[in-house]
Amino acid sequence: DPAAATIKVTETYTITPIMTPENASNVTIVYQAADTGIATVAEDGVVTGVAPGMTVIEVTATDGTTGNVYSAISTVTVLPALEFTLSPSEKKIAVGRSFQIKKVISPEDQAETPAVWKSSNKKIATVNKSGKVTTKKIGNCTITCTLTDYNQSAVCKVTVQKLKTTLKLDKKSIRLNIGQTYQLKKTIKTNSPTKPSVKFTSRNKKIASVGKKSGRIKAVRVGSTIITARTTDGVHATAKCRVTVIRRAKHVYLNKTYAICYIGSTIKLKAKVKPDNTTIKGLKWSSSNKDIANVISTGKVTGIAEGEAYINVKTTDGSNKTARCLVKVTEKVAASSILVSQQELTMKRGDTAKLTYTVLPDNTTDSVKMASDNKRVAKVTNKGKITAVGTGTATITITSSSGVTATVTVHVVALNKTSVRMRQYDTETLNVLGTEDNITWYSANKRIAEVTGGRIVARGLGTTYVYAYVNGCKLGCRVEVVSVATKKR
C-alpha cells in the first residue's frame, strides 16, 4: 500500500506491505526499483523521486518457515519538481554572434537553483556557466541546462547560420510638395541578436535631403532623386525610395459658378489651376448627381434630366484643391417667332450697325445664328453686328435653333465722289450708288455751292459740304470752290 503513487522529484512516500494472514511471522521483505534513474527505494520501503518518469517498485516477501516467495508492485509516477523551460527554446543566429539564454522556473523562489549548462557540440556553439551562448561555425546543436538539485533539464535548439539581414522601407516612392517632410519607416530582419543601425543618404540633396540617422526626408526643390537606406553590419542590406518633389496647386477655379444646361445638350466648363507653374495640373471631374448631369474628364457637362447638380473639380497632385459649379438642367423651350425692329435698313458703305430683335417667347432656350446672302454687300456676326462692305442689297437671315426665321433687307449706298475741287461757276454731278430710291439733296452753304438733283454749281470761294439723304442715311461730299483763275488739277 499504496499500489500506485504520484510524487515530484525529491519527494518521498512509504510502501507498506500487507500480509495475509496479518499475523504472519518469519517473513523477509525486499524492495527493488525497476529504474533507479526515476525513483529509488530504501530498505524500509521509502520511495524517493529522482527524475520525471514512471517506474515500478517490486516488493518481495520470503516466508522463512516454508520458503515460499510472494511479490507485489507499486507503480510510481515522478513529476518534475519545478516548471522549468529555457528562453528562448529555439534560436537561429549568425556565426560569431552571442546570445543569452534565461532559465524560466516556477515557482519563482527556485529561480536561483544551481544548474549545469552543456552544449551538444562545442565546435558549433559553446555555453558558459551563466547560459551565454557563443556561436563558432555553421550547424545545429542543443544547449542543455540541468537543475542539479532536481535532476531536471530543459533545452534550447540552436541553428547557426550565415549572417542574414534584410531591410525594407514603408515607401518605395513618394511625392512631396516643396518644403514638405516625411518620416521614412524601416523594417529590419536579422539573425543577429542585435539589429544593426541604418544610414540614410540622398542622391541629390538639392532636390531632397534626408536625416542621416533619422530617415526624415525634406523636399527642397522640384525634381526627382533617390533616398538610400543601408545597414551598417557586414551584410549592408539596402532599400531605396524614389522622391519626386513637385510644386502643388494652391487654387483651382472654374469659369462659372452657376450654369444652365438643357436636357440632351452639353456645356463646357473650364478650370484653371494656380499658380501657373504648378507641376501637376491634372484634374478629376465629378457630378453630385449623375442622373441629372454627367461630366467627363474634359469638363464637358451633359444634361440628363431636370434638376440641379454640382459639378466638382479636384486637383490630382495631392493638394486636394476643389471648385464647383451649380448646374441647372431644364427642358428646351422652342422659339415661336422672331421680331425685328427694322425689316429694311439703309447703310453707308464702311459703316456698322447693330440689329435689334426679340425672340419669343421670353423663356425660349433657343440660340440664334445670323447669315448674309451677299457678303460683298454686307457681313453679319452672330451677335447681330452688320458691316456695310459694298453698294447693293443683301438679306440678313436670323435663324433660331428650332428653325424659326426672320429677315432684314440691307441696302448699302455710297456717293460716287466724297470730295470735289471746283472753280467758281463750274458744275459737278454726284450720283448715289446702290439705290433707286428717292434722294434728298442739300448744301451746307449755298453761297459757296448749290446742289439740285445731285448737280453741284460752284458759287463763292470756300469749302462746304453737299449732302444726300436716302431712307434716313446721310451721305456727304466735301466741296472746295476756288477762283476761276486757278488752273484745273
# chains A, B, ... in the order shown; residues from 1 in each chain; ligands from 1
>>> residues_around(residues="Ser153 of chain A", least_positions_apart="2", cutoff="9 Å", atoms="only C-alpha atoms", output="list in words")
Phe84, Thr85, Ala115, Thr144, Cys145, Thr146, Leu147, Thr148, Tyr150, Asn151 and Val155 of chain A
>>> residues_around(residues="segment 225-235 of chain A", least_positions_apart="6", cutoff="10 Å", atoms="only C-alpha atoms", output="compact mmCIF listing (two decimals) with all heavy atoms, in the first residue's frame")
# COMPACT_ATOMS: atom_id res chain seq x y z
N LEU A 163 25.33 35.16 -41.56
CA LEU A 163 24.65 36.40 -41.17
C LEU A 163 23.67 36.83 -42.27
O LEU A 163 24.04 36.96 -43.42
CB LEU A 163 25.67 37.51 -40.92
CG LEU A 163 25.09 38.87 -40.53
CD1 LEU A 163 24.29 38.78 -39.23
CD2 LEU A 163 26.19 39.91 -40.42
N LYS A 164 22.42 37.02 -41.88
CA LYS A 164 21.38 37.45 -42.80
C LYS A 164 20.69 38.70 -42.25
O LYS A 164 20.30 38.72 -41.09
CB LYS A 164 20.34 36.35 -43.01
CG LYS A 164 20.87 35.10 -43.69
CD LYS A 164 19.76 34.06 -43.83
CE LYS A 164 20.27 32.78 -44.49
NZ LYS A 164 19.20 31.77 -44.59
N THR A 165 20.58 39.69 -43.11
CA THR A 165 19.87 40.91 -42.73
C THR A 165 19.07 41.40 -43.94
O THR A 165 19.59 41.43 -45.06
CB THR A 165 20.85 42.02 -42.30
OG1 THR A 165 21.63 41.56 -41.19
CG2 THR A 165 20.09 43.28 -41.88
N THR A 166 17.82 41.72 -43.72
CA THR A 166 17.00 42.34 -44.76
C THR A 166 16.48 43.68 -44.25
O THR A 166 16.26 43.85 -43.05
CB THR A 166 15.81 41.45 -45.17
OG1 THR A 166 14.97 41.23 -44.02
CG2 THR A 166 16.28 40.12 -45.73
N LEU A 167 16.31 44.61 -45.20
CA LEU A 167 15.86 45.96 -44.86
C LEU A 167 14.75 46.38 -45.81
O LEU A 167 14.89 46.25 -47.03
CB LEU A 167 17.04 46.95 -44.94
CG LEU A 167 16.72 48.43 -44.75
CD1 LEU A 167 16.17 48.69 -43.36
CD2 LEU A 167 17.95 49.29 -45.04
N LYS A 168 13.67 46.86 -45.27
CA LYS A 168 12.56 47.37 -46.08
C LYS A 168 12.15 48.75 -45.58
O LYS A 168 12.23 49.03 -44.38
CB LYS A 168 11.35 46.43 -46.02
CG LYS A 168 11.55 45.14 -46.80
CD LYS A 168 10.26 44.31 -46.80
CE LYS A 168 10.43 43.04 -47.61
NZ LYS A 168 9.18 42.23 -47.64
N LEU A 169 11.72 49.60 -46.52
CA LEU A 169 11.17 50.91 -46.18
C LEU A 169 9.67 50.90 -46.44
O LEU A 169 9.19 50.15 -47.29
CB LEU A 169 11.83 52.01 -47.01
CG LEU A 169 13.34 52.21 -46.79
CD1 LEU A 169 13.88 53.24 -47.76
CD2 LEU A 169 13.62 52.62 -45.36
N LYS A 172 8.26 52.85 -51.37
CA LYS A 172 9.20 52.67 -52.47
C LYS A 172 9.29 53.94 -53.31
O LYS A 172 10.29 54.16 -53.98
CB LYS A 172 8.78 51.49 -53.34
CG LYS A 172 8.95 50.14 -52.64
CD LYS A 172 8.62 49.01 -53.60
CE LYS A 172 8.84 47.66 -52.92
NZ LYS A 172 8.51 46.53 -53.84
N SER A 173 8.23 54.73 -53.28
CA SER A 173 8.23 56.02 -53.96
C SER A 173 7.27 56.94 -53.22
O SER A 173 6.30 56.47 -52.62
CB SER A 173 7.82 55.87 -55.43
OG SER A 173 6.49 55.40 -55.52
N LEU A 184 10.51 58.38 -43.07
CA LEU A 184 10.57 57.01 -43.56
C LEU A 184 10.58 56.03 -42.39
O LEU A 184 11.23 56.27 -41.37
CB LEU A 184 11.82 56.79 -44.41
CG LEU A 184 11.81 57.36 -45.83
CD1 LEU A 184 13.19 57.21 -46.46
CD2 LEU A 184 10.75 56.70 -46.68
N LYS A 186 11.44 52.13 -41.26
CA LYS A 186 12.25 50.99 -41.71
C LYS A 186 11.86 49.73 -40.95
O LYS A 186 11.42 49.78 -39.80
CB LYS A 186 13.73 51.29 -41.50
CG LYS A 186 14.12 51.55 -40.06
CD LYS A 186 15.57 51.95 -39.93
CE LYS A 186 16.00 52.14 -38.47
NZ LYS A 186 15.37 53.32 -37.86
N ILE A 188 13.67 46.00 -40.14
CA ILE A 188 14.91 45.22 -40.22
C ILE A 188 14.64 43.81 -39.71
O ILE A 188 14.06 43.62 -38.63
CB ILE A 188 16.03 45.86 -39.39
CG1 ILE A 188 16.26 47.31 -39.83
CG2 ILE A 188 17.31 45.05 -39.50
CD1 ILE A 188 17.19 48.08 -38.92
N THR A 190 16.90 40.28 -39.03
CA THR A 190 18.27 39.77 -38.99
C THR A 190 18.35 38.57 -38.07
O THR A 190 17.54 38.43 -37.14
CB THR A 190 19.24 40.87 -38.53
OG1 THR A 190 20.58 40.35 -38.55
CG2 THR A 190 18.91 41.36 -37.14
N SER A 192 21.02 38.19 -36.38
CA SER A 192 21.94 38.67 -35.35
C SER A 192 21.14 39.01 -34.10
O SER A 192 19.99 39.45 -34.19
CB SER A 192 22.67 39.91 -35.85
OG SER A 192 23.48 40.47 -34.83
N LYS A 195 19.86 44.26 -33.69
CA LYS A 195 19.59 44.83 -35.01
C LYS A 195 20.65 45.87 -35.35
O LYS A 195 21.01 46.70 -34.51
CB LYS A 195 18.21 45.48 -35.03
CG LYS A 195 17.07 44.48 -34.99
CD LYS A 195 15.74 45.18 -35.12
CE LYS A 195 14.60 44.17 -35.13
NZ LYS A 195 13.28 44.83 -35.27
N PRO A 196 21.12 45.86 -36.59
CA PRO A 196 22.13 46.85 -36.98
C PRO A 196 21.50 48.23 -37.15
O PRO A 196 20.29 48.35 -37.37
CB PRO A 196 22.65 46.32 -38.32
CG PRO A 196 21.49 45.55 -38.88
CD PRO A 196 20.79 44.94 -37.69
N SER A 197 22.28 49.25 -37.05
CA SER A 197 21.80 50.61 -37.31
C SER A 197 21.71 50.82 -38.82
O SER A 197 22.23 50.03 -39.62
CB SER A 197 22.72 51.65 -36.68
OG SER A 197 24.03 51.51 -37.19
N VAL A 198 21.02 51.90 -39.21
CA VAL A 198 20.78 52.18 -40.63
C VAL A 198 21.27 53.59 -40.94
O VAL A 198 21.02 54.53 -40.17
CB VAL A 198 19.29 52.04 -40.97
CG1 VAL A 198 19.03 52.44 -42.42
CG2 VAL A 198 18.83 50.60 -40.74
N LYS A 199 21.91 53.74 -42.09
CA LYS A 199 22.39 55.04 -42.54
C LYS A 199 21.60 55.43 -43.79
O LYS A 199 21.46 54.65 -44.72
CB LYS A 199 23.88 54.98 -42.85
CG LYS A 199 24.47 56.31 -43.32
CD LYS A 199 25.95 56.15 -43.63
CE LYS A 199 26.54 57.46 -44.16
NZ LYS A 199 27.98 57.31 -44.49
N PHE A 200 21.10 56.68 -43.81
CA PHE A 200 20.32 57.19 -44.94
C PHE A 200 21.14 58.21 -45.72
O PHE A 200 21.84 59.05 -45.13
CB PHE A 200 19.03 57.87 -44.45
CG PHE A 200 18.05 56.93 -43.82
CD1 PHE A 200 18.11 56.65 -42.46
CD2 PHE A 200 17.06 56.33 -44.57
CE1 PHE A 200 17.21 55.78 -41.87
CE2 PHE A 200 16.14 55.46 -43.99
CZ PHE A 200 16.22 55.19 -42.64
N THR A 201 21.04 58.16 -47.06
CA THR A 201 21.71 59.14 -47.92
C THR A 201 20.78 59.55 -49.04
O THR A 201 19.88 58.79 -49.44
CB THR A 201 23.02 58.58 -48.51
OG1 THR A 201 22.71 57.38 -49.25
CG2 THR A 201 24.04 58.28 -47.43
N SER A 202 21.00 60.76 -49.58
CA SER A 202 20.24 61.26 -50.72
C SER A 202 21.16 61.39 -51.92
O SER A 202 22.30 61.86 -51.79
CB SER A 202 19.62 62.63 -50.42
OG SER A 202 19.04 63.19 -51.59
N ARG A 203 20.67 60.95 -53.09
CA ARG A 203 21.48 61.06 -54.30
C ARG A 203 21.65 62.52 -54.71
O ARG A 203 22.66 62.89 -55.28
CB ARG A 203 20.82 60.27 -55.43
CG ARG A 203 21.62 60.24 -56.72
CD ARG A 203 20.93 59.40 -57.78
NE ARG A 203 20.89 58.00 -57.40
CZ ARG A 203 20.28 57.06 -58.12
NH1 ARG A 203 19.64 57.39 -59.23
NH2 ARG A 203 20.30 55.80 -57.72
N ASN A 204 20.65 63.35 -54.41
CA ASN A 204 20.72 64.77 -54.76
C ASN A 204 20.09 65.59 -53.63
O ASN A 204 18.87 65.74 -53.57
CB ASN A 204 20.01 65.05 -56.08
CG ASN A 204 20.29 66.44 -56.61
OD1 ASN A 204 20.59 67.37 -55.85
ND2 ASN A 204 20.21 66.60 -57.92
N LYS A 205 20.94 66.12 -52.77
CA LYS A 205 20.46 66.88 -51.62
C LYS A 205 19.79 68.19 -52.01
O LYS A 205 19.03 68.75 -51.22
CB LYS A 205 21.62 67.17 -50.65
CG LYS A 205 22.23 65.93 -50.03
CD LYS A 205 23.38 66.29 -49.13
CE LYS A 205 24.03 65.05 -48.54
NZ LYS A 205 25.20 65.39 -47.67
N LYS A 206 20.08 68.67 -53.22
CA LYS A 206 19.47 69.93 -53.65
C LYS A 206 17.99 69.74 -53.99
O LYS A 206 17.22 70.70 -54.02
CB LYS A 206 20.21 70.49 -54.86
CG LYS A 206 21.63 70.93 -54.53
CD LYS A 206 22.32 71.51 -55.76
CE LYS A 206 23.73 71.98 -55.43
NZ LYS A 206 24.41 72.53 -56.62
N ILE A 207 17.60 68.50 -54.25
CA ILE A 207 16.18 68.20 -54.52
C ILE A 207 15.48 67.74 -53.25
O ILE A 207 14.41 68.24 -52.91
CB ILE A 207 16.07 67.14 -55.63
CG1 ILE A 207 16.56 67.72 -56.96
CG2 ILE A 207 14.63 66.64 -55.75
CD1 ILE A 207 16.64 66.73 -58.08
N ALA A 208 16.09 66.79 -52.54
CA ALA A 208 15.52 66.32 -51.27
C ALA A 208 16.65 65.87 -50.36
O ALA A 208 17.52 65.11 -50.77
CB ALA A 208 14.54 65.18 -51.50
N SER A 209 16.63 66.36 -49.13
CA SER A 209 17.63 65.96 -48.15
C SER A 209 17.01 64.92 -47.21
O SER A 209 15.79 64.76 -47.17
CB SER A 209 18.11 67.17 -47.35
OG SER A 209 17.03 67.76 -46.64
N VAL A 210 17.88 64.20 -46.46
CA VAL A 210 17.38 63.18 -45.54
C VAL A 210 18.29 63.13 -44.32
O VAL A 210 19.51 63.30 -44.43
CB VAL A 210 17.32 61.79 -46.23
CG1 VAL A 210 18.70 61.30 -46.61
CG2 VAL A 210 16.59 60.78 -45.34
N LYS A 212 20.58 61.65 -41.70
CA LYS A 212 21.49 60.52 -41.82
C LYS A 212 21.07 59.34 -40.94
O LYS A 212 21.14 58.18 -41.36
CB LYS A 212 22.89 60.98 -41.43
CG LYS A 212 23.98 59.94 -41.60
CD LYS A 212 25.34 60.54 -41.27
CE LYS A 212 26.46 59.51 -41.41
NZ LYS A 212 27.78 60.08 -41.09
N LYS A 213 20.58 59.64 -39.75
CA LYS A 213 20.16 58.58 -38.83
C LYS A 213 18.64 58.48 -38.72
O LYS A 213 18.10 57.39 -38.53
CB LYS A 213 20.76 58.82 -37.44
CG LYS A 213 22.27 58.71 -37.40
CD LYS A 213 22.78 58.93 -35.98
CE LYS A 213 24.30 58.79 -35.91
NZ LYS A 213 24.81 59.01 -34.51
N GLY A 215 16.19 59.37 -41.00
CA GLY A 215 15.40 58.97 -42.17
C GLY A 215 14.27 59.94 -42.49
O GLY A 215 13.37 59.61 -43.26
N ILE A 217 12.78 62.86 -44.51
CA ILE A 217 13.01 63.50 -45.81
C ILE A 217 12.48 64.92 -45.78
O ILE A 217 11.40 65.16 -45.22
CB ILE A 217 12.32 62.72 -46.94
CG1 ILE A 217 12.80 61.26 -46.96
CG2 ILE A 217 12.58 63.37 -48.29
CD1 ILE A 217 11.98 60.39 -47.88
N CYS A 241 14.04 54.53 -51.90
CA CYS A 241 12.77 55.23 -52.05
C CYS A 241 12.98 56.37 -53.05
O CYS A 241 13.85 57.22 -52.84
CB CYS A 241 12.26 55.78 -50.72
SG CYS A 241 10.77 56.79 -50.87
N ARG A 242 12.19 56.37 -54.13
CA ARG A 242 12.27 57.47 -55.08
C ARG A 242 11.41 58.63 -54.59
O ARG A 242 10.23 58.44 -54.29
CB ARG A 242 11.79 57.04 -56.47
CG ARG A 242 11.75 58.19 -57.47
CD ARG A 242 11.47 57.72 -58.87
NE ARG A 242 12.60 57.00 -59.42
CZ ARG A 242 13.68 57.56 -59.96
NH1 ARG A 242 13.76 58.90 -60.01
NH2 ARG A 242 14.67 56.84 -60.44
N VAL A 243 11.99 59.80 -54.50
CA VAL A 243 11.29 61.00 -54.03
C VAL A 243 11.11 61.96 -55.21
O VAL A 243 12.08 62.36 -55.84
CB VAL A 243 12.08 61.70 -52.90
CG1 VAL A 243 11.34 62.95 -52.44
CG2 VAL A 243 12.27 60.74 -51.73
N THR A 244 9.86 62.27 -55.49
CA THR A 244 9.55 63.25 -56.53
C THR A 244 9.03 64.51 -55.85
O THR A 244 8.03 64.47 -55.13
CB THR A 244 8.48 62.71 -57.50
OG1 THR A 244 8.97 61.49 -58.08
CG2 THR A 244 8.19 63.72 -58.60
N VAL A 245 9.72 65.60 -56.05
CA VAL A 245 9.35 66.88 -55.42
C VAL A 245 8.60 67.71 -56.47
O VAL A 245 9.09 67.92 -57.59
CB VAL A 245 10.58 67.64 -54.91
CG1 VAL A 245 10.15 68.95 -54.24
CG2 VAL A 245 11.35 66.77 -53.91
>>> residues_around(residues="Ala5 of chain A", least_positions_apart="5", cutoff="7 Å", atoms="only C-alpha atoms", output="list in words")
Thr75, Val76 and Thr77 of chain A
>>> residues_around(residues="Gly53 of chain A", least_positions_apart="4", cutoff="10 Å", atoms="only C-alpha atoms", output="PyMOL selection string")
chain A and resi 8-9+35+37-39+49+76-80
>>> residues_around(residues="Ser265 of chain A", least_positions_apart="4", cutoff="8 Å", atoms="only C-alpha atoms", output="list in words")
Cys261, Thr302 and Gly303 of chain A
>>> write_last_selection(atoms="N, CA, C and O atoms", output="short mmCIF file (atom, residue, chain, number, x, y, z; two decimals), in the first residue's frame")
data_model
loop_
_atom_site.label_atom_id
_atom_site.label_comp_id
_atom_site.auth_asym_id
_atom_site.auth_seq_id
_atom_site.Cartn_x
_atom_site.Cartn_y
_atom_site.Cartn_z
N CYS A 261 -28.03 74.12 -68.29
CA CYS A 261 -27.80 73.13 -69.33
C CYS A 261 -29.14 72.48 -69.67
O CYS A 261 -29.95 72.20 -68.77
N THR A 302 -23.13 67.10 -69.64
CA THR A 302 -24.32 66.72 -70.42
C THR A 302 -25.54 66.72 -69.51
O THR A 302 -25.52 66.11 -68.42
N GLY A 303 -26.60 67.42 -69.94
CA GLY A 303 -27.84 67.43 -69.18
C GLY A 303 -28.60 66.12 -69.39
O GLY A 303 -28.84 65.71 -70.52
#
>>> atom_distance(atom1="atom CA of Lys122 of chain A", atom2="atom CA of Gln152 of chain A")
21.8 Å
>>> atom_distance(atom1="atom CA of Leu430 of chain A", atom2="atom CA of Lys474 of chain A")
13.9 Å
